[in-house]
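Undergrad: So that you have it, the file is upload.csv, and it contains CSV, C-alpha atoms:
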chain,number,residue,atom,x,y,z
R,1,MET,CA,5.1,-40.9,-12.9
R,2,THR,CA,7.9,-40.1,-10.4
R,3,ALA,CA,9.8,-36.9,-10.2
R,4,ASP,CA,13.0,-38.4,-8.8
R,5,LEU,CA,15.7,-38.9,-11.4
R,6,GLN,CA,17.5,-41.4,-9.2
R,7,ASP,CA,14.6,-43.9,-9.6
R,8,ARG,CA,16.0,-44.9,-13.1
R,9,PRO,CA,19.3,-44.7,-15.0
R,10,ARG,CA,20.3,-41.1,-15.8
R,11,ASN,CA,20.4,-40.0,-19.4
R,12,PRO,CA,21.8,-36.9,-21.2
R,13,LEU,CA,18.6,-35.0,-20.7
R,14,ASP,CA,18.7,-35.6,-16.9
R,15,LEU,CA,22.2,-34.3,-16.7
R,16,LEU,CA,21.4,-31.2,-18.7
R,17,ILE,CA,18.3,-30.5,-16.6
R,18,GLU,CA,20.5,-30.6,-13.5
R,19,GLU,CA,23.0,-28.2,-15.1
R,20,PHE,CA,20.1,-25.9,-16.1
R,21,LEU,CA,18.8,-25.8,-12.5
R,22,ARG,CA,22.3,-25.0,-11.2
R,23,MET,CA,22.4,-22.1,-13.7
R,24,LEU,CA,19.0,-20.8,-12.6
R,25,ARG,CA,20.2,-20.8,-9.0
R,26,ALA,CA,23.6,-19.3,-9.5
R,27,GLU,CA,23.1,-16.8,-12.4
R,28,ARG,CA,19.5,-15.8,-12.3
R,29,GLY,CA,19.0,-15.8,-8.5
R,30,ALA,CA,15.8,-17.8,-8.8
R,31,SER,CA,13.8,-18.1,-5.6
R,32,ALA,CA,13.5,-21.3,-3.7
R,33,HIS,CA,9.8,-21.5,-4.8
R,34,THR,CA,10.8,-21.2,-8.5
R,35,MET,CA,13.6,-23.7,-8.1
R,36,ARG,CA,11.3,-26.3,-6.6
R,37,ALA,CA,8.7,-25.7,-9.3
R,38,TYR,CA,11.1,-26.0,-12.2
R,39,ALA,CA,12.8,-29.1,-10.7
R,40,ARG,CA,9.4,-30.8,-10.3
R,41,GLU,CA,8.2,-30.0,-13.8
R,42,LEU,CA,11.4,-30.7,-15.6
R,43,ARG,CA,12.1,-34.0,-13.8
R,44,ASP,CA,8.6,-35.2,-14.5
R,45,PHE,CA,9.1,-34.3,-18.2
R,46,ALA,CA,12.4,-36.2,-18.2
R,47,ASP,CA,10.6,-39.3,-16.8
R,48,PHE,CA,8.1,-39.0,-19.6
R,49,VAL,CA,10.8,-38.8,-22.2
R,50,ALA,CA,12.7,-41.8,-20.7
R,51,ALA,CA,9.5,-43.9,-20.9
R,52,ARG,CA,8.6,-42.6,-24.4
R,53,ILE,CA,12.0,-43.0,-25.9
R,54,PRO,CA,13.9,-45.9,-24.2
R,55,GLY,CA,17.7,-45.6,-24.1
R,56,SER,CA,19.9,-42.6,-23.5
R,57,ALA,CA,17.7,-40.0,-25.2
R,58,GLY,CA,19.2,-36.6,-25.5
R,59,PRO,CA,17.4,-33.3,-26.1
R,60,ALA,CA,18.5,-33.2,-29.7
R,61,SER,CA,16.4,-36.3,-30.4
R,62,LEU,CA,13.2,-34.5,-29.3
R,63,ASP,CA,10.8,-32.4,-31.3
R,64,HIS,CA,7.6,-30.5,-30.7
R,65,THR,CA,5.5,-33.6,-31.0
R,66,ASP,CA,7.1,-35.1,-28.0
R,67,ILE,CA,6.3,-32.0,-25.9
R,68,ARG,CA,2.7,-32.0,-27.2
R,69,ALA,CA,2.4,-35.7,-26.2
R,70,TYR,CA,3.7,-34.8,-22.7
R,71,MET,CA,1.2,-32.0,-22.4
R,72,ALA,CA,-1.6,-34.5,-23.4
R,73,THR,CA,-0.5,-36.7,-20.5
R,74,LEU,CA,-0.9,-33.7,-18.1
R,75,TYR,CA,-4.4,-33.2,-19.3
R,76,ASP,CA,-5.1,-36.9,-18.9
R,77,ARG,CA,-4.0,-36.7,-15.3
R,78,GLY,CA,-6.6,-34.0,-14.8
R,79,LEU,CA,-4.3,-31.0,-14.4
R,80,ALA,CA,-5.8,-27.6,-14.8
R,81,LYS,CA,-4.8,-25.5,-17.8
R,82,ALA,CA,-2.8,-23.1,-15.5
R,83,SER,CA,-0.7,-26.0,-14.2
R,84,ALA,CA,-0.1,-27.4,-17.7
R,85,ALA,CA,0.9,-23.9,-18.8
R,86,ARG,CA,3.4,-23.6,-15.9
R,87,ALA,CA,4.9,-27.0,-17.0
R,88,LEU,CA,5.2,-25.8,-20.6
R,89,ALA,CA,6.9,-22.5,-19.4
R,90,ALA,CA,9.5,-24.5,-17.6
R,91,ILE,CA,10.2,-26.7,-20.6
R,92,ARG,CA,10.4,-23.7,-22.9
R,93,SER,CA,13.0,-22.1,-20.5
R,94,LEU,CA,15.0,-25.3,-20.6
R,95,PHE,CA,15.0,-25.5,-24.4
R,96,ARG,CA,15.8,-21.8,-24.7
R,97,TRP,CA,18.9,-22.4,-22.6
R,98,LEU,CA,19.7,-25.6,-24.5
R,99,ALA,CA,19.6,-23.7,-27.8
R,100,ARG,CA,21.6,-20.8,-26.5
R,101,THR,CA,24.3,-23.2,-25.2
R,102,GLY,CA,24.4,-25.2,-28.4
R,103,HIS,CA,22.9,-28.4,-27.1
R,104,VAL,CA,20.1,-28.2,-29.6
R,105,GLN,CA,19.7,-26.3,-32.9
R,106,GLN,CA,16.4,-24.6,-32.0
R,107,ASN,CA,13.9,-24.3,-29.2
R,108,VAL,CA,11.3,-26.8,-30.3
R,109,ALA,CA,9.2,-26.0,-27.3
R,110,ALA,CA,8.4,-22.6,-28.8
R,111,LEU,CA,6.3,-24.5,-31.4
R,112,VAL,CA,3.9,-25.7,-28.8
R,113,ALA,CA,1.0,-23.4,-28.1
R,114,THR,CA,0.3,-22.3,-24.6
R,115,PRO,CA,-3.0,-23.5,-23.2
R,116,ARG,CA,-5.6,-20.7,-23.4
R,117,LEU,CA,-6.3,-19.6,-19.9
R,118,PRO,CA,-9.5,-18.0,-18.6
R,119,LYS,CA,-8.9,-14.4,-17.5
R,120,HIS,CA,-9.4,-14.3,-13.7
R,121,LEU,CA,-9.1,-10.8,-12.4
R,122,PRO,CA,-8.1,-10.7,-8.8
R,123,ARG,CA,-10.9,-9.5,-6.4
R,124,VAL,CA,-9.6,-6.4,-4.7
R,125,PRO,CA,-11.1,-4.9,-1.5
R,126,SER,CA,-12.1,-1.3,-1.6
R,127,ILE,CA,-10.0,1.5,-0.2
R,128,GLU,CA,-12.4,1.9,2.7
R,129,GLN,CA,-12.3,-1.8,3.5
R,130,LEU,CA,-8.5,-2.0,3.5
R,131,ASN,CA,-8.1,1.2,5.5
R,132,TYR,CA,-10.4,-0.3,8.1
R,133,VAL,CA,-8.4,-3.5,8.3
R,134,VAL,CA,-5.0,-1.8,8.5
R,135,ASP,CA,-6.3,0.6,11.2
R,136,HIS,CA,-7.7,-2.2,13.3
R,137,VAL,CA,-4.9,-4.6,13.9
R,138,GLU,CA,-5.5,-5.4,17.5
R,139,GLU,CA,-4.9,-8.2,19.9
R,140,ASP,CA,-8.1,-10.1,19.1
R,141,ALA,CA,-6.8,-10.6,15.5
R,142,ALA,CA,-3.0,-10.4,15.9
R,143,SER,CA,-0.5,-12.3,18.1
R,144,TRP,CA,2.0,-9.4,17.8
R,145,PRO,CA,-0.1,-6.3,16.9
R,146,ALA,CA,2.8,-3.9,16.3
R,147,ARG,CA,4.6,-6.3,14.0
R,148,ASP,CA,1.4,-7.4,12.1
R,149,ARG,CA,0.3,-3.8,11.6
R,150,ALA,CA,3.7,-3.0,10.1
R,151,ILE,CA,3.4,-6.0,7.9
R,152,LEU,CA,0.0,-4.9,6.5
R,153,GLU,CA,1.3,-1.3,6.1
R,154,LEU,CA,4.2,-2.4,4.0
R,155,LEU,CA,2.3,-5.0,1.9
R,156,TYR,CA,-0.5,-2.5,1.1
R,157,GLY,CA,1.3,0.8,1.5
R,158,CYS,CA,4.4,-0.2,-0.4
R,159,GLY,CA,3.0,-2.9,-2.7
R,160,ILE,CA,5.8,-5.3,-2.0
R,161,ARG,CA,5.7,-9.0,-2.5
R,162,ASN,CA,5.5,-11.4,0.4
R,163,ALA,CA,9.0,-12.7,-0.2
R,164,GLU,CA,10.3,-9.2,-0.5
R,165,LEU,CA,8.8,-8.3,2.9
R,166,THR,CA,10.3,-11.3,4.7
R,167,GLY,CA,13.7,-10.7,3.0
R,168,LEU,CA,14.0,-7.2,4.4
R,169,ASN,CA,17.0,-6.4,6.5
R,170,LEU,CA,17.5,-3.5,8.9
R,171,GLU,CA,20.1,-2.0,6.6
R,172,ASP,CA,17.4,-1.9,3.8
R,173,ILE,CA,15.4,0.8,5.7
R,174,HIS,CA,16.7,4.2,4.5
R,175,TRP,CA,15.0,6.5,6.9
R,176,SER,CA,16.7,9.7,5.6
R,177,ASN,CA,15.4,9.0,2.1
R,178,GLU,CA,12.0,7.8,3.3
R,179,ALA,CA,12.4,4.6,1.3
R,180,ILE,CA,13.2,0.9,1.6
R,181,LEU,CA,15.5,-1.1,-0.6
R,182,VAL,CA,13.6,-4.1,-1.9
R,183,ARG,CA,15.2,-7.2,-3.5
R,184,GLY,CA,12.8,-8.5,-6.1
R,185,LYS,CA,12.7,-11.4,-8.5
R,186,GLY,CA,16.0,-12.4,-10.1
R,187,ARG,CA,18.1,-10.4,-7.6
R,188,LYS,CA,16.7,-7.1,-9.1
R,189,GLN,CA,16.7,-4.3,-6.6
R,190,ARG,CA,14.5,-1.2,-6.4
R,191,TYR,CA,13.7,1.6,-3.9
R,192,VAL,CA,10.1,1.9,-2.7
R,193,PRO,CA,8.8,5.0,-1.0
R,194,LEU,CA,8.1,4.5,2.7
R,195,GLY,CA,4.9,6.5,3.4
R,196,ASP,CA,4.2,8.2,6.7
R,197,ALA,CA,1.8,5.6,8.0
R,198,ALA,CA,4.1,2.7,7.1
R,199,ALA,CA,7.1,4.5,8.6
R,200,LEU,CA,5.2,5.1,11.9
R,201,ALA,CA,4.1,1.5,12.1
R,202,LEU,CA,7.6,0.3,11.3
R,203,ARG,CA,9.2,2.5,14.0
R,204,ASP,CA,6.6,1.3,16.6
R,205,TYR,CA,7.3,-2.3,15.7
R,206,LEU,CA,11.1,-1.9,15.8
R,207,VAL,CA,11.0,-0.6,19.4
R,208,GLU,CA,9.2,-3.8,20.5
R,209,ARG,CA,11.5,-5.9,18.3
R,210,GLU,CA,14.6,-4.6,20.1
R,211,ALA,CA,12.9,-5.0,23.5
R,212,ARG,CA,12.1,-8.7,22.8
R,213,LEU,CA,15.6,-9.4,21.6
R,214,ALA,CA,17.1,-7.7,24.7
R,215,ALA,CA,15.0,-9.9,26.9
R,216,LEU,CA,16.4,-13.1,25.5
R,217,PRO,CA,18.6,-15.3,27.8
R,218,GLN,CA,22.3,-14.6,27.9
R,219,THR,CA,23.0,-17.8,26.1
R,220,ALA,CA,21.1,-16.7,23.0
R,221,ARG,CA,22.2,-14.2,20.4
R,222,ARG,CA,20.5,-10.8,20.5
R,223,ASP,CA,21.2,-9.5,17.1
R,224,THR,CA,19.7,-10.4,13.7
R,225,PRO,CA,19.6,-8.5,10.4
R,226,ALA,CA,16.0,-9.6,9.7
R,227,VAL,CA,13.4,-6.9,10.1
R,228,PHE,CA,10.4,-9.2,10.7
R,229,LEU,CA,10.9,-11.8,13.3
R,230,ASN,CA,8.8,-14.8,14.3
R,231,LEU,CA,6.7,-14.5,17.5
R,232,HIS,CA,8.9,-16.6,19.8
R,233,LEU,CA,12.2,-15.7,18.2
R,234,ARG,CA,12.8,-19.3,17.2
R,235,GLY,CA,16.3,-19.8,15.8
R,236,MET,CA,18.1,-17.2,17.9
R,237,SER,CA,19.8,-19.9,20.0
R,238,ARG,CA,21.3,-21.5,16.9
R,239,PRO,CA,24.5,-20.4,15.3
R,240,GLY,CA,23.6,-18.1,12.4
R,241,GLY,CA,19.9,-18.2,13.3
R,242,GLN,CA,18.0,-15.1,12.4
R,243,ALA,CA,14.4,-15.8,13.6
R,244,ARG,CA,13.3,-14.4,10.3
R,245,LEU,CA,9.5,-14.6,9.7
R,246,THR,CA,8.5,-17.0,6.8
R,247,THR,CA,6.3,-16.2,3.9
R,248,ARG,CA,3.9,-18.9,5.1
R,249,SER,CA,3.6,-17.2,8.4
R,250,VAL,CA,2.9,-13.9,6.8
R,251,GLY,CA,0.1,-15.6,4.8
R,252,ARG,CA,-1.5,-16.9,8.0
R,253,ILE,CA,-1.2,-13.5,9.7
R,254,VAL,CA,-2.8,-11.6,6.8
R,255,LYS,CA,-5.6,-14.1,6.4
R,256,ARG,CA,-6.5,-14.2,10.1
R,257,ILE,CA,-6.7,-10.4,10.4
R,258,ALA,CA,-8.6,-10.1,7.1
R,259,LEU,CA,-11.2,-12.7,8.1
R,260,LEU,CA,-11.8,-11.2,11.5
R,261,ARG,CA,-12.2,-7.7,10.0
R,262,GLY,CA,-14.9,-8.9,7.5
R,263,LEU,CA,-12.9,-9.5,4.3
R,264,PRO,CA,-13.5,-12.7,2.2
R,265,ALA,CA,-11.5,-15.9,2.8
R,266,ASP,CA,-9.5,-15.6,-0.4
R,267,VAL,CA,-7.5,-12.6,0.9
R,268,HIS,CA,-3.7,-13.3,1.0
R,269,PRO,CA,-0.6,-11.1,1.0
R,270,HIS,CA,-0.6,-10.7,-2.8
R,271,THR,CA,-4.2,-9.4,-2.5
R,272,LEU,CA,-2.7,-6.3,-0.7
R,273,ARG,CA,-0.2,-5.9,-3.5
R,274,HIS,CA,-3.0,-6.0,-6.1
R,275,ALA,CA,-4.9,-3.5,-4.0
R,276,CYS,CA,-2.0,-1.2,-3.9
R,277,GLY,CA,-1.7,-1.1,-7.7
R,278,THR,CA,-5.4,-0.9,-8.3
R,279,HIS,CA,-6.1,1.9,-5.8
R,280,LEU,CA,-3.1,3.9,-7.1
R,281,LEU,CA,-4.6,3.7,-10.6
R,282,GLU,CA,-8.1,4.6,-9.3
R,283,GLU,CA,-6.6,7.7,-7.7
R,284,GLY,CA,-4.9,8.9,-10.9
R,285,ALA,CA,-1.4,7.5,-10.7
R,286,ASP,CA,0.5,7.0,-13.9
R,287,LEU,CA,0.8,3.4,-15.2
R,288,ARG,CA,4.6,3.7,-15.6
R,289,ALA,CA,5.0,4.9,-12.1
R,290,ILE,CA,3.0,2.0,-10.8
R,291,GLN,CA,5.1,-0.4,-12.8
R,292,GLU,CA,8.3,1.0,-11.2
R,293,LEU,CA,6.8,0.9,-7.7
R,294,LEU,CA,5.7,-2.7,-8.0
R,295,GLY,CA,8.8,-3.9,-9.8
R,296,HIS,CA,7.0,-5.3,-12.8
R,297,GLU,CA,9.4,-6.2,-15.6
R,298,ARG,CA,6.7,-5.7,-18.3
R,299,LEU,CA,4.1,-3.0,-18.6
R,300,SER,CA,1.6,-5.6,-19.7
R,301,THR,CA,1.6,-7.0,-16.1
R,302,THR,CA,0.8,-3.6,-14.7
R,303,GLN,CA,-2.0,-3.1,-17.3
R,304,ARG,CA,-4.0,-5.9,-15.6
R,305,TYR,CA,-5.0,-3.2,-13.0
R,306,THR,CA,-6.5,-1.2,-15.9
R,307,GLN,CA,-8.6,-4.2,-16.7
R,308,LEU,CA,-9.6,-4.5,-13.1
R,309,THR,CA,-10.7,-0.9,-12.7
R,310,THR,CA,-12.6,-1.1,-16.0
R,311,ALA,CA,-14.4,-4.2,-14.7
R,312,GLN,CA,-15.3,-2.4,-11.5
R,313,LEU,CA,-16.5,0.6,-13.5
R,314,THR,CA,-18.7,-1.6,-15.7
R,315,GLN,CA,-20.3,-3.1,-12.5
R,316,VAL,CA,-21.0,0.4,-11.2
R,317,TYR,CA,-22.4,1.5,-14.6
R,318,ASP,CA,-24.7,-1.6,-14.8
R,319,ARG,CA,-25.9,-1.0,-11.3
R,320,THR,CA,-26.5,2.7,-11.4
R,321,HIS,CA,-27.0,4.1,-15.0
R,322,PRO,CA,-30.7,4.3,-16.0
R,323,ARG,CA,-29.9,3.2,-19.6
R,324,ALA,CA,-28.0,0.1,-18.4
R,325,LYS,CA,-31.2,-1.4,-17.0
If you convert what's in this file into structure tokens, what do you get?

TA:
Amino acid sequence: MTADLQDRPRNPLDLLIEEFLRMLRAERGASAHTMRAYARELRDFADFVAARIPGSAGPASLDHTDIRAYMATLYDRGLAKASAARALAAIRSLFRWLARTGHVQQNVAALVATPRLPKHLPRVPSIEQLNYVVDHVEEDAASWPARDRAILELLYGCGIRNAELTGLNLEDIHWSNEAILVRGKGRKQRYVPLGDAAALALRDYLVEREARLAALPQTARRDTPAVFLNLHLRGMSRPGGQARLTTRSVGRIVKRIALLRGLPADVHPHTLRHACGTHLLEEGADLRAIQELLGHERLSTTQRYTQLTTAQLTQVYDRTHPRAK
């Protein structure tokens, strides 16, 4: 089934999907990743509807049985429950907006149950393991040690997301307040404390950053608002280029350093964010404070760290308590 609406005649549902996607981008400040995912899921759903109900089918002609039939096709294709759940979430958001704007009377997608997902708690390295990794960012594991050390310090020390890290600008560093301004999901902003270790690593990196920019040829621009730059400053010769490091590059940087310092292969930038929340909770931090620090909209998201530490406690109990054996 194609995900390109131009491969067949457009119908009212197609047009409303495009309007919904424009709203997501303009009003909610959805990330590029979210936009791509929503566009892919909703256009695939529109193709299914066009094949199931020939003619110019509008959303008002659909009910929950059509959405359940679409979910069945996803399972027939071999999609995992998590992928099917993401597709249903996109359809629910669409129908919620359609109901709010008067295009349908009710959100029929709300009548479709979310697939029951297995609870996979993220595997989090210990405090000692992560301290060792962050303290040993050296040339054998990092192409730009000062930059990569600062990246790890902010991901773990501040608990920020990968996209929040790469989106940082120089003006977002508030040295006098010992904080950084972070732009999170949906354009939400929050201040995150900048600890001593993270601040020191960031200052060391910024000195090297300025030196590298100053060494560029006269034909290239030497100023950019981006905090974290790519290794070869690609883009600085183009008008408006910022040489900003990408989230994909950060993922590669984190994985390489983690692997060479003995961590498992499934470590990625979000692992450091999970570790930040988990280790704060283990050391006695308040759950609400962790919620504010990490920028979780709902406390239930933060409560996953409670489950994680409970699981770890159970493992310790089973391994050490004489009555558990």

Undergrad: Using all atoms listed in the file, find each residue of region 116-183 of chain R with at least one atom at most 6 Å away from an atom of region 194-215 of chain R; report its shortest atom-to-atom pair and that distance in Å (one decimal), sort the rows by chain and rising residue number, and return the result as CSV.

TA:
residue,atom,partner,partner_atom,distance
R:Ala146,CA,R:Tyr205,CA,4.8
R:Arg147,CA,R:Tyr205,CA,5.1
R:Ala150,CA,R:Ala201,CA,4.9
R:Glu153,CA,R:Ala198,CA,5.0
R:Leu154,CA,R:Ala198,CA,6.0
R:Glu178,CA,R:Leu194,CA,5.1
R:Ala179,CA,R:Leu194,CA,4.5

Undergrad: Pick the closest to Thr65 (chain R) from R:His268, R:Arg288, R:Arg52, R:Leu165: which is it, counting all atoms listed in the file?

TA: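 Ranking R:His268, R:Arg288, R:Arg52, R:Leu165 by distance to Thr65 (chain R), first place goes to R:Arg52.
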
Undergrad: What is the distance between CA of Arg43 (chain R) and CA of Pro12 (chain R), in Å to one decimal?

TA: 12.5 Å

Undergrad: Counting only C-alpha atoms, which of R:Phe228, R:Gln129, R:Arg116, R:Pro193 gets nearest to His174 (chain R)?

TA: R:Pro193

Undergrad: Mind listing as a list of chain:residue names all residues within 12 Å of (14.7, -14.8, 26.5), counting all atoms listed in the file?

TA: R:Ala211, R:Arg212, R:Leu213, R:Ala214, R:Ala215, R:Leu216, R:Pro217, R:Gln218, R:Thr219, R:Ala220, R:Arg221, R:Arg222, R:His232, R:Leu233, R:Arg234, R:Gly235, R:Met236, R:Ser237

Undergrad: Measuring atom to atom with only C-alpha atoms, identify which of R:Glu292, R:Gly284, R:Asp63, R:Leu168 is nearest to Arg244 (chain R).

TA: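 Under the stated criterion, the closest residue is R:Leu168.
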
Undergrad: Counting all atoms listed in the file, figure out which residue out of R:Pro115, R:Leu170, R:Leu15, R:Trp97 gets nearest to Tyr75 (chain R).

TA: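 Of R:Pro115, R:Leu170, R:Leu15, R:Trp97, the one nearest Tyr75 (chain R) is R:Pro115, counting all atoms listed in the file.
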
Undergrad: Using only C-alpha atoms, which of R:Ala80, R:Ala51, R:Leu245, R:Met23 sits nearest Asp148 (chain R)?

TA: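 Smallest separation from Asp148 (chain R) among the options: R:Leu245.
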
Undergrad: Give me, as a tab-separated table, the closest atom pair and its distance (Å, one decimal) for every residue of region 74-128 of chain R within a cut-off of 9 Å of region 36-40 of chain R, counting all atoms listed in the file, rows sorted by chain and rising number.

TA:
residue	atom	partner	partner_atom	distance
R:Arg86	CA	R:Ala37	CA	8.7
R:Ala87	CA	R:Tyr38	CA	7.9
R:Ala90	CA	R:Tyr38	CA	5.8
R:Ile91	CA	R:Tyr38	CA	8.5

Undergrad: Export, as a PDB file, keeping the file's coordinate frame, the selected residues with C-alpha atoms.

TA:
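Result file follows (again34.pdb):
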ATOM      1  CA  ARG R  86       3.400 -23.600 -15.900  1.00  0.00           C
ATOM      2  CA  ALA R  87       4.900 -27.000 -17.000  1.00  0.00           C
ATOM      3  CA  ALA R  90       9.500 -24.500 -17.600  1.00  0.00           C
ATOM      4  CA  ILE R  91      10.200 -26.700 -20.600  1.00  0.00           C
TER       5      ILE R  91
END

Undergrad: Report, in Å to a single decimal, how far apart CA of Gly184 (chain R) and CA of Ala26 (chain R) are.

TA: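 We find that CA of Ala26 (chain R) and CA of Gly184 (chain R) lie 15.6 Å from each other.
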
Undergrad: Write region 186-194 of chain R as a PDB file, keeping the file's coordinate frame, completed to all heavy atoms.

TA:
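Result file result-v3.pdb:
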ATOM      1  N   GLY R 186      14.739 -12.408  -9.344  1.00  0.00           N
ATOM      2  CA  GLY R 186      16.000 -12.400 -10.100  1.00  0.00           C
ATOM      3  C   GLY R 186      17.022 -11.450  -9.610  1.00  0.00           C
ATOM      4  O   GLY R 186      17.811 -10.903 -10.380  1.00  0.00           O
ATOM      5  N   ARG R 187      17.062 -11.232  -8.289  1.00  0.00           N
ATOM      6  CA  ARG R 187      18.100 -10.400  -7.600  1.00  0.00           C
ATOM      7  C   ARG R 187      17.938  -8.896  -8.049  1.00  0.00           C
ATOM      8  O   ARG R 187      18.863  -8.111  -7.825  1.00  0.00           O
ATOM      9  CB  ARG R 187      19.478 -10.864  -7.937  1.00  0.00           C
ATOM     10  CG  ARG R 187      19.791 -12.231  -7.350  1.00  0.00           C
ATOM     11  CD  ARG R 187      21.193 -12.648  -7.684  1.00  0.00           C
ATOM     12  NE  ARG R 187      21.507 -13.966  -7.121  1.00  0.00           N
ATOM     13  CZ  ARG R 187      22.624 -14.632  -7.372  1.00  0.00           C
ATOM     14  NH1 ARG R 187      23.530 -14.119  -8.181  1.00  0.00           N
ATOM     15  NH2 ARG R 187      22.832 -15.810  -6.825  1.00  0.00           N
ATOM     16  N   LYS R 188      16.832  -8.532  -8.670  1.00  0.00           N
ATOM     17  CA  LYS R 188      16.700  -7.100  -9.100  1.00  0.00           C
ATOM     18  C   LYS R 188      16.299  -6.313  -7.819  1.00  0.00           C
ATOM     19  O   LYS R 188      15.515  -6.743  -6.977  1.00  0.00           O
ATOM     20  CB  LYS R 188      15.561  -7.000 -10.110  1.00  0.00           C
ATOM     21  CG  LYS R 188      15.941  -7.638 -11.442  1.00  0.00           C
ATOM     22  CD  LYS R 188      14.818  -7.511 -12.450  1.00  0.00           C
ATOM     23  CE  LYS R 188      15.206  -8.158 -13.776  1.00  0.00           C
ATOM     24  NZ  LYS R 188      14.088  -8.106 -14.762  1.00  0.00           N
ATOM     25  N   GLN R 189      16.887  -5.135  -7.729  1.00  0.00           N
ATOM     26  CA  GLN R 189      16.700  -4.300  -6.600  1.00  0.00           C
ATOM     27  C   GLN R 189      15.938  -2.990  -7.017  1.00  0.00           C
ATOM     28  O   GLN R 189      16.123  -2.520  -8.136  1.00  0.00           O
ATOM     29  CB  GLN R 189      17.986  -3.899  -5.908  1.00  0.00           C
ATOM     30  CG  GLN R 189      18.749  -5.098  -5.371  1.00  0.00           C
ATOM     31  CD  GLN R 189      20.029  -4.694  -4.657  1.00  0.00           C
ATOM     32  OE1 GLN R 189      20.381  -3.515  -4.608  1.00  0.00           O
ATOM     33  NE2 GLN R 189      20.728  -5.656  -4.109  1.00  0.00           N
ATOM     34  N   ARG R 190      15.123  -2.474  -6.118  1.00  0.00           N
ATOM     35  CA  ARG R 190      14.500  -1.200  -6.400  1.00  0.00           C
ATOM     36  C   ARG R 190      14.189  -0.512  -5.066  1.00  0.00           C
ATOM     37  O   ARG R 190      14.101  -1.164  -4.013  1.00  0.00           O
ATOM     38  CB  ARG R 190      13.138  -1.427  -7.152  1.00  0.00           C
ATOM     39  CG  ARG R 190      12.033  -2.074  -6.345  1.00  0.00           C
ATOM     40  CD  ARG R 190      10.816  -2.364  -7.218  1.00  0.00           C
ATOM     41  NE  ARG R 190       9.652  -2.813  -6.436  1.00  0.00           N
ATOM     42  CZ  ARG R 190       9.479  -4.043  -5.990  1.00  0.00           C
ATOM     43  NH1 ARG R 190      10.401  -4.962  -6.242  1.00  0.00           N
ATOM     44  NH2 ARG R 190       8.395  -4.367  -5.302  1.00  0.00           N
ATOM     45  N   TYR R 191      14.083   0.798  -5.108  1.00  0.00           N
ATOM     46  CA  TYR R 191      13.700   1.600  -3.900  1.00  0.00           C
ATOM     47  C   TYR R 191      12.217   1.856  -3.978  1.00  0.00           C
ATOM     48  O   TYR R 191      11.674   2.223  -5.018  1.00  0.00           O
ATOM     49  CB  TYR R 191      14.491   2.886  -3.875  1.00  0.00           C
ATOM     50  CG  TYR R 191      15.923   2.717  -3.419  1.00  0.00           C
ATOM     51  CD1 TYR R 191      16.964   2.645  -4.347  1.00  0.00           C
ATOM     52  CD2 TYR R 191      16.232   2.614  -2.067  1.00  0.00           C
ATOM     53  CE1 TYR R 191      18.274   2.478  -3.933  1.00  0.00           C
ATOM     54  CE2 TYR R 191      17.539   2.448  -1.638  1.00  0.00           C
ATOM     55  CZ  TYR R 191      18.559   2.382  -2.578  1.00  0.00           C
ATOM     56  OH  TYR R 191      19.842   2.204  -2.160  1.00  0.00           O
ATOM     57  N   VAL R 192      11.567   1.671  -2.844  1.00  0.00           N
ATOM     58  CA  VAL R 192      10.100   1.900  -2.700  1.00  0.00           C
ATOM     59  C   VAL R 192       9.884   2.956  -1.681  1.00  0.00           C
ATOM     60  O   VAL R 192      10.452   2.894  -0.584  1.00  0.00           O
ATOM     61  CB  VAL R 192       9.413   0.574  -2.336  1.00  0.00           C
ATOM     62  CG1 VAL R 192       7.935   0.814  -2.111  1.00  0.00           C
ATOM     63  CG2 VAL R 192       9.622  -0.492  -3.400  1.00  0.00           C
ATOM     64  N   PRO R 193       9.066   3.962  -1.991  1.00  0.00           N
ATOM     65  CA  PRO R 193       8.800   5.000  -1.000  1.00  0.00           C
ATOM     66  C   PRO R 193       8.154   4.423   0.274  1.00  0.00           C
ATOM     67  O   PRO R 193       7.312   3.528   0.213  1.00  0.00           O
ATOM     68  CB  PRO R 193       7.779   5.919  -1.723  1.00  0.00           C
ATOM     69  CG  PRO R 193       7.988   5.636  -3.173  1.00  0.00           C
ATOM     70  CD  PRO R 193       8.377   4.197  -3.274  1.00  0.00           C
ATOM     71  N   LEU R 194       8.587   4.943   1.403  1.00  0.00           N
ATOM     72  CA  LEU R 194       8.100   4.500   2.700  1.00  0.00           C
ATOM     73  C   LEU R 194       7.139   5.654   3.186  1.00  0.00           C
ATOM     74  O   LEU R 194       7.605   6.700   3.641  1.00  0.00           O
ATOM     75  CB  LEU R 194       9.189   4.283   3.688  1.00  0.00           C
ATOM     76  CG  LEU R 194       8.824   3.718   5.056  1.00  0.00           C
ATOM     77  CD1 LEU R 194       8.181   2.341   4.916  1.00  0.00           C
ATOM     78  CD2 LEU R 194      10.062   3.629   5.940  1.00  0.00           C
TER      79      LEU R 194
END
